[in-house]
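Pasting entry-v5.cif here (mmCIF, C-alpha atoms):
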data_start
loop_
_atom_site.label_atom_id
_atom_site.label_comp_id
_atom_site.auth_asym_id
_atom_site.auth_seq_id
_atom_site.Cartn_x
_atom_site.Cartn_y
_atom_site.Cartn_z
CA MET A 1 23.73 -11.95 -1.78
CA SER A 2 19.99 -11.60 -2.09
CA SER A 3 17.49 -8.83 -2.66
CA ASN A 4 16.28 -6.72 0.28
CA SER A 5 12.83 -8.16 -0.40
CA LEU A 6 14.05 -11.73 0.05
CA ALA A 7 15.87 -10.73 3.25
CA LYS A 8 12.56 -9.31 4.54
CA TRP A 9 10.76 -12.53 3.52
CA LYS A 10 13.34 -14.62 5.39
CA GLY A 11 13.23 -12.27 8.37
CA GLU A 12 10.09 -10.51 9.56
CA ARG A 13 7.71 -12.35 7.23
CA THR A 14 9.02 -15.77 8.31
CA ASP A 15 8.78 -14.69 11.97
CA ALA A 16 5.12 -13.74 11.51
CA LEU A 17 4.34 -17.08 9.88
CA ASP A 18 6.24 -18.96 12.60
CA GLU A 19 4.10 -17.24 15.22
CA ILE A 20 0.90 -18.62 13.77
CA GLU A 21 2.51 -22.04 13.36
CA ASN A 22 3.34 -21.89 17.09
CA ALA A 23 -0.23 -20.86 17.88
CA HIS A 24 -1.36 -24.13 16.30
CA THR A 25 0.92 -26.06 18.64
CA VAL A 26 -0.29 -24.14 21.69
CA VAL A 27 -3.92 -25.09 21.01
CA GLY A 28 -3.21 -28.67 22.09
CA GLY A 29 -4.98 -31.32 24.13
CA THR A 30 -8.02 -33.42 23.43
CA ALA A 31 -10.70 -31.15 24.81
CA ARG A 32 -13.90 -30.61 22.83
CA GLY A 33 -13.57 -27.69 20.49
CA ARG A 34 -9.88 -28.18 19.80
CA ARG A 35 -10.51 -29.36 16.26
CA TYR A 36 -12.66 -26.29 15.58
CA ALA A 37 -9.99 -23.97 17.02
CA THR A 38 -7.14 -25.53 15.01
CA GLN A 39 -9.28 -25.38 11.87
CA GLN A 40 -9.69 -21.61 12.34
CA ILE A 41 -5.93 -21.30 12.91
CA ASN A 42 -5.25 -23.22 9.69
CA TYR A 43 -7.56 -20.85 7.83
CA SER A 44 -5.73 -17.85 9.33
CA TYR A 45 -2.37 -19.44 8.51
CA ALA A 46 -3.35 -19.90 4.85
CA ALA A 47 -4.69 -16.34 4.58
CA LEU A 48 -1.57 -14.90 6.25
CA LEU A 49 0.72 -16.97 4.01
CA SER A 50 -1.03 -15.59 0.94
CA SER A 51 -0.81 -12.01 2.18
CA HIS A 52 2.88 -12.26 3.10
CA PHE A 53 3.72 -13.81 -0.26
CA GLN A 54 1.83 -10.96 -1.92
CA GLY A 55 3.90 -8.54 0.18
CA PHE A 56 7.12 -10.25 -0.89
CA CYS A 57 6.19 -10.14 -4.61
CA ARG A 58 5.16 -6.49 -4.32
CA ASP A 59 8.42 -5.64 -2.50
CA LEU A 60 10.52 -7.46 -5.11
CA HIS A 61 8.71 -5.69 -7.94
CA SER A 62 9.28 -2.29 -6.28
CA GLU A 63 12.93 -3.11 -5.63
CA CYS A 64 13.47 -4.06 -9.28
CA VAL A 65 11.73 -0.88 -10.45
CA ASP A 66 14.01 1.14 -8.14
CA ARG A 67 17.05 -0.52 -9.80
CA ILE A 68 15.81 -0.02 -13.36
CA VAL A 69 14.70 3.57 -12.85
CA ALA A 70 17.99 4.53 -11.15
CA ALA A 71 19.71 3.83 -14.50
CA MET A 72 17.57 6.52 -16.20
CA PRO A 73 18.19 10.29 -16.35
CA LEU A 74 16.86 11.97 -13.20
CA LYS A 75 14.06 13.87 -14.96
CA PHE A 76 12.54 10.64 -16.26
CA GLN A 77 12.60 8.80 -12.97
CA ALA A 78 9.45 9.89 -11.10
CA PHE A 79 7.00 9.47 -13.96
CA LEU A 80 8.58 6.16 -14.98
CA ARG A 81 8.11 4.97 -11.41
CA ALA A 82 4.47 6.07 -11.56
CA GLU A 83 3.97 4.24 -14.88
CA PHE A 84 5.39 1.00 -13.48
CA LEU A 85 2.95 1.21 -10.57
CA LEU A 86 -0.10 2.09 -12.65
CA ASN A 87 -2.65 -0.76 -12.36
CA ARG A 88 -0.13 -3.05 -10.69
CA ALA A 89 -2.11 -6.22 -10.04
CA LEU A 90 -0.19 -7.02 -6.85
CA ASP A 91 -1.46 -3.78 -5.26
CA LYS A 92 -5.08 -4.80 -5.66
CA GLY A 93 -5.62 -8.53 -5.76
CA ASN A 94 -4.20 -11.86 -4.74
CA PRO A 95 -0.73 -12.98 -5.83
CA HIS A 96 -2.05 -15.66 -8.18
CA PRO A 97 0.41 -16.77 -10.87
CA GLY A 98 -1.33 -14.67 -13.55
CA ALA A 99 -1.05 -11.45 -11.50
CA VAL A 100 2.59 -12.10 -10.59
CA GLY A 101 3.43 -12.86 -14.23
CA SER A 102 1.69 -9.81 -15.69
CA ASP A 103 3.35 -7.40 -13.23
CA PHE A 104 6.87 -8.78 -13.65
CA ASP A 105 6.48 -9.16 -17.44
CA ARG A 106 6.20 -5.36 -17.57
CA LEU A 107 9.86 -5.23 -16.47
CA GLY A 108 10.94 -6.72 -19.80
CA LEU A 109 11.07 -10.50 -19.41
CA HIS A 110 8.90 -13.57 -19.79
CA PHE A 111 8.67 -14.09 -16.07
CA TRP A 112 7.12 -17.55 -15.60
CA PRO A 113 8.99 -19.23 -18.47
CA ASN A 114 12.22 -17.92 -16.88
CA VAL A 115 11.21 -19.15 -13.41
CA LYS A 116 10.24 -22.56 -14.76
CA HIS A 117 13.48 -22.77 -16.75
CA LEU A 118 15.48 -22.29 -13.51
CA ASN A 119 13.99 -25.36 -11.87
CA ALA A 120 11.67 -28.04 -13.25
CA GLY A 121 9.86 -28.15 -9.89
CA ASN A 122 8.63 -24.58 -10.25
CA ALA A 123 5.78 -25.57 -12.57
CA ARG A 124 4.32 -27.67 -9.74
CA ARG A 125 5.03 -24.88 -7.24
CA SER A 126 3.07 -22.38 -9.34
CA GLN A 127 0.14 -24.84 -9.25
CA LEU A 128 0.45 -24.97 -5.45
CA LEU A 129 0.43 -21.16 -5.37
CA GLN A 130 -2.82 -21.16 -7.35
CA GLU A 131 -4.24 -23.80 -4.98
CA LEU A 132 -3.40 -21.62 -1.98
CA ILE A 133 -5.08 -18.61 -3.60
CA ASP A 134 -8.21 -20.68 -4.32
CA TRP A 135 -8.33 -21.69 -0.65
CA ARG A 136 -7.66 -18.15 0.52
CA ASN A 137 -10.67 -16.98 -1.53
CA ALA A 138 -12.79 -19.87 -0.26
CA ILE A 139 -11.94 -18.90 3.33
CA ALA A 140 -12.53 -15.18 2.77
CA HIS A 141 -15.92 -15.74 1.08
CA GLN A 142 -16.85 -18.86 3.08
CA ASP A 143 -17.61 -20.62 -0.19
CA PHE A 144 -15.75 -23.92 -0.42
CA GLY A 145 -17.32 -25.08 -3.68
CA PRO A 146 -14.35 -24.01 -5.80
CA VAL A 147 -11.96 -26.11 -3.62
CA GLY A 148 -14.05 -29.28 -3.79
CA GLY A 149 -16.75 -28.50 -1.22
CA ASP A 150 -15.01 -29.90 1.87
CA PRO A 151 -14.06 -27.05 4.22
CA THR A 152 -11.50 -29.13 6.15
CA LEU A 153 -8.02 -27.68 5.84
CA HIS A 154 -5.15 -29.67 7.35
CA LEU A 155 -1.96 -28.15 8.72
CA LYS A 156 0.03 -30.51 6.49
CA LYS A 157 -1.42 -28.84 3.41
CA VAL A 158 -0.62 -25.32 4.63
CA ARG A 159 2.93 -26.41 5.41
CA ALA A 160 3.29 -27.82 1.89
CA TRP A 161 2.16 -24.48 0.45
CA ARG A 162 4.61 -22.66 2.68
CA ARG A 163 7.52 -24.86 1.53
CA ALA A 164 6.57 -24.29 -2.11
CA LEU A 165 6.31 -20.51 -1.65
CA GLY A 166 9.61 -20.40 0.24
CA LYS A 167 11.28 -22.05 -2.73
CA LEU A 168 9.44 -19.82 -5.21
CA ALA A 169 10.63 -16.72 -3.32
CA LEU A 170 14.24 -17.86 -3.85
CA GLU A 171 13.58 -18.58 -7.52
CA PHE A 172 11.83 -15.23 -8.11
CA ASP A 173 14.79 -13.48 -6.50
CA GLN A 174 17.25 -15.39 -8.73
CA THR A 175 15.18 -14.86 -11.88
CA MET A 176 15.09 -11.10 -11.37
CA CYS A 177 18.77 -10.99 -10.42
CA ASN A 178 19.65 -12.72 -13.72
CA HIS A 179 17.36 -10.44 -15.70
CA LEU A 180 18.63 -7.20 -14.15
CA ALA A 181 22.24 -8.34 -14.57
CA VAL A 182 21.68 -8.54 -18.34
CA LEU A 183 19.63 -5.34 -18.43
CA LEU A 184 21.91 -3.19 -16.26
CA GLY A 185 25.27 -4.79 -16.98
CA ALA A 186 25.96 -6.02 -13.43
CA PRO A 187 24.14 -8.19 -10.86
CA PRO A 188 21.93 -5.95 -8.71
CA TRP A 189 22.53 -8.02 -5.55
CA MET B 190 19.88 -0.34 7.95
CA PRO B 191 18.86 3.19 6.87
CA GLU B 192 16.19 4.80 9.03
CA SER B 193 12.82 6.00 7.92
CA LYS B 194 12.98 9.71 7.09
CA LEU B 195 9.34 10.36 6.20
CA HIS B 196 6.12 9.26 7.81
CA LYS B 197 2.65 8.24 6.74
CA GLY B 198 0.59 11.42 6.43
CA ASP B 199 3.47 13.72 5.48
CA TYR B 200 2.76 16.13 2.65
CA VAL B 201 5.53 16.23 0.08
CA LYS B 202 6.56 17.92 -3.15
CA PHE B 203 8.41 16.18 -5.97
CA GLN B 204 9.25 16.58 -9.64
CA LEU B 205 7.15 14.64 -12.13
CA GLY B 206 9.19 15.16 -15.27
CA THR B 207 9.41 18.92 -15.60
CA ARG B 208 6.40 19.54 -13.40
CA PRO B 209 6.39 19.94 -9.60
CA VAL B 210 3.51 18.14 -7.86
CA HIS B 211 2.22 17.74 -4.32
CA GLY B 212 1.62 14.32 -2.80
CA LEU B 213 0.68 12.57 0.42
CA VAL B 214 2.81 9.78 1.92
CA ARG B 215 0.46 6.80 2.24
CA GLU B 216 2.91 4.10 3.34
CA ASP B 217 6.54 3.54 4.28
CA ARG B 218 7.28 0.52 2.09
CA GLY B 219 10.36 -0.33 4.13
CA ALA B 220 14.07 -0.65 3.38
CA ILE B 221 13.59 -2.35 0.00
CA GLY B 222 15.32 0.17 -2.29
CA ILE B 223 18.91 0.37 -3.54
CA ASN B 224 21.39 -0.04 -0.65
CA GLY B 225 18.45 -0.61 1.68
CA ARG B 226 17.03 2.89 1.28
CA HIS B 227 13.37 3.29 2.23
CA LEU B 228 10.79 3.68 -0.50
CA TYR B 229 7.57 5.56 0.21
CA LEU B 230 4.21 5.08 -1.45
CA VAL B 231 3.01 8.57 -2.38
CA GLU B 232 -0.46 9.44 -3.67
CA PHE B 233 -0.80 12.40 -6.02
CA HIS B 234 -3.32 13.89 -8.43
CA ALA B 235 -1.77 14.46 -11.83
CA GLU B 236 -5.25 15.16 -13.21
CA PRO B 237 -8.73 15.89 -11.79
CA THR B 238 -9.84 12.25 -11.87
CA SER B 239 -8.59 9.38 -9.73
CA PRO B 240 -5.34 9.62 -7.75
CA HIS B 241 -2.09 8.11 -8.97
CA GLN B 242 0.59 6.47 -6.89
CA VAL B 243 4.36 6.38 -7.05
CA GLU B 244 7.06 4.83 -4.87
CA LEU B 245 9.88 7.28 -4.22
CA PRO B 246 13.03 7.44 -2.08
CA ALA B 247 13.19 10.28 0.47
CA GLU B 248 15.93 12.13 -1.44
CA GLU B 249 13.57 12.74 -4.37
CA MET B 250 11.00 14.50 -2.18
CA GLU B 251 10.74 17.66 -0.14
CA VAL B 252 8.50 17.64 2.93
CA LEU B 253 5.95 20.46 2.83
CA THR B 254 5.93 22.56 5.95
CA GLU B 255 3.80 25.28 7.41
CA ALA B 256 6.29 27.81 6.01
CA ASP B 257 4.54 27.59 2.64
CA PRO B 258 1.80 30.27 2.71
CA VAL B 259 -1.03 28.24 1.12
CA VAL B 260 -0.09 24.69 2.03
CA GLY B 261 0.82 25.84 5.54
CA LYS B 262 -2.80 26.93 6.15
CA LEU B 263 -4.05 23.58 4.89
CA ILE B 264 -1.63 21.65 7.09
CA ARG B 265 -2.79 23.65 10.12
CA MET B 266 -6.39 22.85 9.20
CA ASN B 267 -5.50 19.18 9.09
CA LYS B 268 -4.09 19.48 12.60
CA ASP B 269 -7.43 20.93 13.71
CA LEU B 270 -9.22 17.96 12.12
CA GLU B 271 -6.88 15.60 13.99
CA GLN B 272 -8.03 17.27 17.24
CA VAL B 273 -11.61 16.38 16.36
CA LYS B 274 -10.72 12.90 15.15
CA HIS B 275 -9.04 12.08 18.44
CA ARG B 276 -11.76 13.85 20.47
CA ARG B 277 -9.35 16.33 22.03
CA VAL B 278 -11.96 19.09 21.82
CA GLY B 279 -15.52 19.25 23.13
CA VAL B 280 -18.66 18.81 21.04
CA SER B 281 -19.16 22.53 20.37
CA GLY B 282 -15.45 23.00 19.60
CA ALA B 283 -15.59 20.13 17.12
CA TRP B 284 -18.53 21.60 15.23
CA GLU B 285 -16.88 25.03 15.25
CA ILE B 286 -13.75 23.54 13.63
CA LEU B 287 -15.78 21.80 10.93
CA ASN B 288 -17.84 24.90 10.11
CA LYS B 289 -14.75 27.10 9.99
CA PHE B 290 -13.05 24.48 7.82
CA ILE B 291 -15.52 25.03 5.00
CA SER B 292 -15.34 28.82 5.13
CA LYS B 293 -11.53 28.74 5.30
CA ILE B 294 -11.39 26.48 2.25
CA GLU B 295 -13.74 28.82 0.40
CA ARG B 296 -11.44 31.76 1.14
CA LEU B 297 -8.39 29.76 0.06
CA ASN B 298 -10.17 28.87 -3.15
CA ASN B 299 -9.68 32.45 -4.26
CA ASP B 300 -5.94 31.92 -4.15
CA GLU B 301 -4.56 31.72 -7.66
CA ARG B 302 -2.46 28.64 -6.76
CA ALA B 303 -5.52 26.57 -6.03
CA SER B 304 -7.08 24.50 -8.79
CA ASP B 305 -10.82 25.12 -8.98
CA PHE B 306 -11.81 21.74 -10.37
CA ALA B 307 -11.10 19.87 -7.19
CA ILE B 308 -11.90 22.48 -4.62
CA ASN B 309 -15.33 23.64 -5.80
CA ALA B 310 -16.62 20.09 -6.08
CA LYS B 311 -15.25 19.18 -2.67
CA ILE B 312 -16.68 22.28 -0.96
CA GLN B 313 -20.17 21.40 -2.24
CA GLU B 314 -19.71 17.79 -1.18
CA LEU B 315 -18.64 18.80 2.34
CA LYS B 316 -21.51 21.28 2.72
CA HIS B 317 -23.96 18.49 1.92
CA ALA B 318 -22.15 16.06 4.20
CA LEU B 319 -21.95 18.37 7.23
CA PRO B 320 -25.51 17.96 8.64
CA ARG B 321 -25.22 14.17 8.31
CA LEU B 322 -22.23 14.09 10.67
CA ASN B 323 -24.59 14.78 13.57
CA THR B 324 -26.06 11.44 14.60
CA GLY B 325 -27.82 12.75 17.73
CA SER B 326 -31.50 11.90 17.93
CA ARG B 327 -34.40 14.37 18.38
CA GLY B 328 -32.32 17.43 17.58
CA ALA B 329 -29.57 16.64 20.11
CA VAL B 330 -26.07 17.59 19.01
CA SER B 331 -23.71 14.62 18.98
CA TYR B 332 -19.98 14.44 18.36
CA PRO B 333 -19.27 14.46 14.58
CA ASN B 334 -18.92 10.88 13.43
CA ILE B 335 -15.49 9.52 12.56
CA HIS B 336 -16.44 8.62 8.98
CA GLY B 337 -17.33 12.25 8.39
CA ILE B 338 -13.99 13.49 9.77
CA ARG B 339 -12.19 11.13 7.39
CA GLN B 340 -14.26 12.57 4.56
CA PHE B 341 -13.04 16.06 5.51
CA GLN B 342 -9.44 14.82 5.66
CA ASP B 343 -9.75 13.11 2.28
CA ALA B 344 -11.04 16.38 0.86
CA LEU B 345 -8.14 18.25 2.42
CA ASN B 346 -5.64 15.77 0.96
CA LEU B 347 -7.15 16.23 -2.47
CA ILE B 348 -7.05 20.02 -2.14
CA ILE B 349 -3.39 20.01 -1.04
CA GLN B 350 -2.50 17.77 -3.96
CA ALA B 351 -4.44 20.00 -6.34
CA THR B 352 -2.77 23.18 -5.08
CA GLU B 353 -0.25 24.34 -7.62
CA PRO B 354 3.25 23.90 -6.17
CA GLN B 355 5.61 26.87 -6.29
CA GLU B 356 8.67 26.35 -8.49
CA ALA B 357 11.88 25.89 -6.49
#
Since I need it in another form, could you write the structure as structure tokens?
Amino acid sequence: MSSNSLAKWKGERTDALDEIENAHTVVGGTARGRRYATQQINYSYAALLSSHFQGFCRDLHSECVDRIVAAMPLKFQAFLRAEFLLNRALDKGNPHPGAVGSDFDRLGLHFWPNVKHLNAGNARRSQLLQELIDWRNAIAHQDFGPVGGDPTLHLKKVRAWRRALGKLALEFDQTMCNHLAVLLGAPPW
Amino acid sequence: MPESKLHKGDYVKFQLGTRPVHGLVREDRGAIGINGRHLYLVEFHAEPTSPHQVELPAEEMEVLTEADPVVGKLIRMNKDLEQVKHRRVGVSGAWEILNKFISKIERLNNDERASDFAINAKIQELKHALPRLNTGSRGAVSYPNIHGIRQFQDALNLIIQATEPQEA
């Protein structure tokens, strides 16, 4: 079993990312301008990957809040829901590790230490997440200084980010499942 | 998978602790709740300052309809604004709707269920904004610009949220 948010990540979000991956393949050949076109697709791919991962994290946070709040008396539920959403970083900015950690920490756990404890590779994956966010910002602001000054973004790099985020999505789902199982007395999914 | 029961733009009423409040559905967040129920992002004004947001399942909300005497008038006014937004009325009809909008709001402001803080400020804001919606040159009357219509709708949303809900 997995969360509804992870199912959505594996379903419609993966489909959307596959579409842009396919677009890269379609822009084939050796004609002049191909390199420019694929570069723009790689930029779009990175930006879309960041936004879908943000969507996944936001969904998972909302799903966990729904579980926690459902265990409260009815009269407390609406304003507790509002409090959990107040200044949620994932509603406003990029899903950089700091934002993800601060939002999930509000649900009563040390989020990143728990994620890293699940799998030693997650420390590296969180660095890759930060790298993606730095590139996403560089693309959005057309300022490549913070990513080393070279604006060339290869498909291989975007694919590596996608693999890392796919694994992180599974680990986030498992971390929150473990936490809610302790908190609520039974696994939520 | 459970179906969506509410839609973006629906006006709703829900309990915030012991207090009933009005809100506006801003987004269907999808089937991410318990047992795949849909959660909805709802904007509401718990105080005169900036809006707050909450994600609620459909069963914790009641959709506001035109049956409510005060809110019903506001919902009908929003429908009129939609006519202008989608250019379903002519230029003169559009301006007539916008002018009537302000006078209708002023009349509604006398209703004891309306909260003055939001409405008075918004009426003044809209009165100032109205002439700027005409972008026609040399005195020609143009169709009200879309940004201005959104401003009217934002004001209406705020007023509906500020209108004191009736206890069930």
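Residues matched by the PyMOL selection byres ((chain A) within 6 of (chain B)) in this file are Asn4, Ser5, Glu63, Lys75, Phe76, Ala78, Phe79, Arg81 and Ala82 of chain A.
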>> If I take CA of Leu17 (chain A) and CA of Leu168 (chain A), how far is one from the other in Å, to one decimal?
In response: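 Those two atoms sit 16.2 Å apart.
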Given the file above and the PyMOL selection byres ((chain A and resi 21) around 12), which residues are selected, and can you give them as a PDB file with C-alpha atoms, keeping the file's coordinate frame?
ATOM      1  CA  THR A  14       9.020 -15.770   8.310  1.00  0.00           C
ATOM      2  CA  ASP A  15       8.780 -14.690  11.970  1.00  0.00           C
ATOM      3  CA  ALA A  16       5.120 -13.740  11.510  1.00  0.00           C
ATOM      4  CA  LEU A  17       4.340 -17.080   9.880  1.00  0.00           C
ATOM      5  CA  ASP A  18       6.240 -18.960  12.600  1.00  0.00           C
ATOM      6  CA  GLU A  19       4.100 -17.240  15.220  1.00  0.00           C
ATOM      7  CA  ILE A  20       0.900 -18.620  13.770  1.00  0.00           C
ATOM      8  CA  ASN A  22       3.340 -21.890  17.090  1.00  0.00           C
ATOM      9  CA  ALA A  23      -0.230 -20.860  17.880  1.00  0.00           C
ATOM     10  CA  HIS A  24      -1.360 -24.130  16.300  1.00  0.00           C
ATOM     11  CA  THR A  25       0.920 -26.060  18.640  1.00  0.00           C
ATOM     12  CA  VAL A  26      -0.290 -24.140  21.690  1.00  0.00           C
ATOM     13  CA  VAL A  27      -3.920 -25.090  21.010  1.00  0.00           C
ATOM     14  CA  THR A  38      -7.140 -25.530  15.010  1.00  0.00           C
ATOM     15  CA  ILE A  41      -5.930 -21.300  12.910  1.00  0.00           C
ATOM     16  CA  ASN A  42      -5.250 -23.220   9.690  1.00  0.00           C
ATOM     17  CA  TYR A  43      -7.560 -20.850   7.830  1.00  0.00           C
ATOM     18  CA  SER A  44      -5.730 -17.850   9.330  1.00  0.00           C
ATOM     19  CA  TYR A  45      -2.370 -19.440   8.510  1.00  0.00           C
ATOM     20  CA  ALA A  46      -3.350 -19.900   4.850  1.00  0.00           C
ATOM     21  CA  LEU A  48      -1.570 -14.900   6.250  1.00  0.00           C
ATOM     22  CA  LEU A  49       0.720 -16.970   4.010  1.00  0.00           C
ATOM     23  CA  LEU A 155      -1.960 -28.150   8.720  1.00  0.00           C
ATOM     24  CA  LYS A 156       0.030 -30.510   6.490  1.00  0.00           C
ATOM     25  CA  VAL A 158      -0.620 -25.320   4.630  1.00  0.00           C
ATOM     26  CA  ARG A 159       2.930 -26.410   5.410  1.00  0.00           C
ATOM     27  CA  ARG A 162       4.610 -22.660   2.680  1.00  0.00           C
TER      28      ARG A 162
END
> Expressed in Å to a single decimal, how great is the separation between CA of Leu253 (chain B) and CA of Val201 (chain B)?
Replying inline: 5.1 Å
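CA of Phe104 (chain A) lies 29.8 Å from CA of Gln350 (chain B).
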>> If we count only C-alpha atoms and set the cut-off at 8 Å, which residues sit around region 276-286 of chain B, ignoring sequence neighbours fewer than 6 positions away in its own chain? Please answer as a ChimeraX atom specification.
In response: /B:269-270,330-333
> Neighbours of region 133-143 of chain A within 12 Å (all atoms listed in the file; same-chain residues fewer than 6 positions away dropped), as a ChimeraX atom specification?
Replying inline: /A:39-51,53-54,93-99,126-127,149-154,157-158,161,165
Chain and number of each residue from the PyMOL selection byres ((chain A and resi 6) around 8), as an mmCIF file with C-alpha atoms, keeping the file's coordinate frame:
data_model
loop_
_atom_site.group_PDB
_atom_site.id
_atom_site.type_symbol
_atom_site.label_atom_id
_atom_site.label_comp_id
_atom_site.auth_asym_id
_atom_site.auth_seq_id
_atom_site.Cartn_x
_atom_site.Cartn_y
_atom_site.Cartn_z
ATOM 1 C CA SER A 2 19.990 -11.600 -2.090
ATOM 2 C CA SER A 3 17.490 -8.830 -2.660
ATOM 3 C CA ASN A 4 16.280 -6.720 0.280
ATOM 4 C CA SER A 5 12.830 -8.160 -0.400
ATOM 5 C CA ALA A 7 15.870 -10.730 3.250
ATOM 6 C CA LYS A 8 12.560 -9.310 4.540
ATOM 7 C CA TRP A 9 10.760 -12.530 3.520
ATOM 8 C CA LYS A 10 13.340 -14.620 5.390
ATOM 9 C CA PHE A 56 7.120 -10.250 -0.890
ATOM 10 C CA LEU A 60 10.520 -7.460 -5.110
ATOM 11 C CA ALA A 169 10.630 -16.720 -3.320
ATOM 12 C CA LEU A 170 14.240 -17.860 -3.850
ATOM 13 C CA ASP A 173 14.790 -13.480 -6.500
#
>> Show me, as number ranges by chain, the residues that have an atom within 10 Å of Leu118 (chain A) when counting only C-alpha atoms, minus same-chain residues fewer than 2 positions from it.
In response: A: 112-116, 120-122, 171-172, 174-175
>> Taking (22.8, -3.3, -15.7) as a centre in this file's frame and 12 Å as the limit, can you find every polymer residue with an atom that close, using only C-alpha atoms, and give them as a ChimeraX atom specification?
In response: /A:64,67-72,176-189
>> Which residue is closest to Leu80 (chain A)? Choose from A:Leu107, A:Ala164, A:Val100, A:Cys57 and count all atoms listed in the file.
In response: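 Between A:Leu107, A:Ala164, A:Val100, A:Cys57, the residue approaching Leu80 (chain A) most closely is A:Leu107.
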>> Restricting the calculation to all atoms listed in the file: of B:Asn288, B:Pro354, B:Leu347, B:Ala256, which residue gets closest to Leu322 (chain B)?
In response: B:Asn288
Start from the incomplete input, build N, CA and C atoms for region 14-27 of chain A, and deliver everything as an mmCIF file, in the frame of the given file.
data_model
loop_
_atom_site.group_PDB
_atom_site.id
_atom_site.type_symbol
_atom_site.label_atom_id
_atom_site.label_comp_id
_atom_site.auth_asym_id
_atom_site.auth_seq_id
_atom_site.Cartn_x
_atom_site.Cartn_y
_atom_site.Cartn_z
ATOM 1 N N THR A 14 8.914 -14.409 7.781
ATOM 2 C CA THR A 14 9.020 -15.770 8.310
ATOM 3 C C THR A 14 8.661 -15.788 9.796
ATOM 4 N N ASP A 15 9.107 -14.767 10.532
ATOM 5 C CA ASP A 15 8.780 -14.690 11.970
ATOM 6 C C ASP A 15 7.273 -14.659 12.182
ATOM 7 N N ALA A 16 6.584 -13.860 11.368
ATOM 8 C CA ALA A 16 5.120 -13.740 11.510
ATOM 9 C C ALA A 16 4.450 -15.083 11.232
ATOM 10 N N LEU A 17 4.935 -15.781 10.216
ATOM 11 C CA LEU A 17 4.340 -17.080 9.880
ATOM 12 C C LEU A 17 4.665 -18.125 10.952
ATOM 13 N N ASP A 18 5.869 -18.030 11.522
ATOM 14 C CA ASP A 18 6.240 -18.960 12.600
ATOM 15 C C ASP A 18 5.335 -18.773 13.821
ATOM 16 N N GLU A 19 4.967 -17.518 14.063
ATOM 17 C CA GLU A 19 4.100 -17.240 15.220
ATOM 18 C C GLU A 19 2.773 -17.960 15.120
ATOM 19 N N ILE A 20 2.215 -17.962 13.915
ATOM 20 C CA ILE A 20 0.900 -18.620 13.770
ATOM 21 C C ILE A 20 1.057 -20.142 13.772
ATOM 22 N N GLU A 21 2.208 -20.594 13.289
ATOM 23 C CA GLU A 21 2.510 -22.040 13.360
ATOM 24 C C GLU A 21 2.586 -22.459 14.843
ATOM 25 N N ASN A 22 3.232 -21.610 15.654
ATOM 26 C CA ASN A 22 3.340 -21.890 17.090
ATOM 27 C C ASN A 22 1.973 -21.858 17.769
ATOM 28 N N ALA A 23 1.119 -20.960 17.301
ATOM 29 C CA ALA A 23 -0.230 -20.860 17.880
ATOM 30 C C ALA A 23 -0.964 -22.184 17.700
ATOM 31 N N HIS A 24 -0.730 -22.833 16.564
ATOM 32 C CA HIS A 24 -1.360 -24.130 16.300
ATOM 33 C C HIS A 24 -0.919 -25.154 17.341
ATOM 34 N N THR A 25 0.376 -25.113 17.664
ATOM 35 C CA THR A 25 0.920 -26.060 18.640
ATOM 36 C C THR A 25 0.339 -25.803 20.034
ATOM 37 N N VAL A 26 0.183 -24.513 20.358
ATOM 38 C CA VAL A 26 -0.290 -24.140 21.690
ATOM 39 C C VAL A 26 -1.723 -24.641 21.928
ATOM 40 N N VAL A 27 -2.546 -24.609 20.873
ATOM 41 C CA VAL A 27 -3.920 -25.090 21.010
ATOM 42 C C VAL A 27 -3.883 -26.628 20.974
#
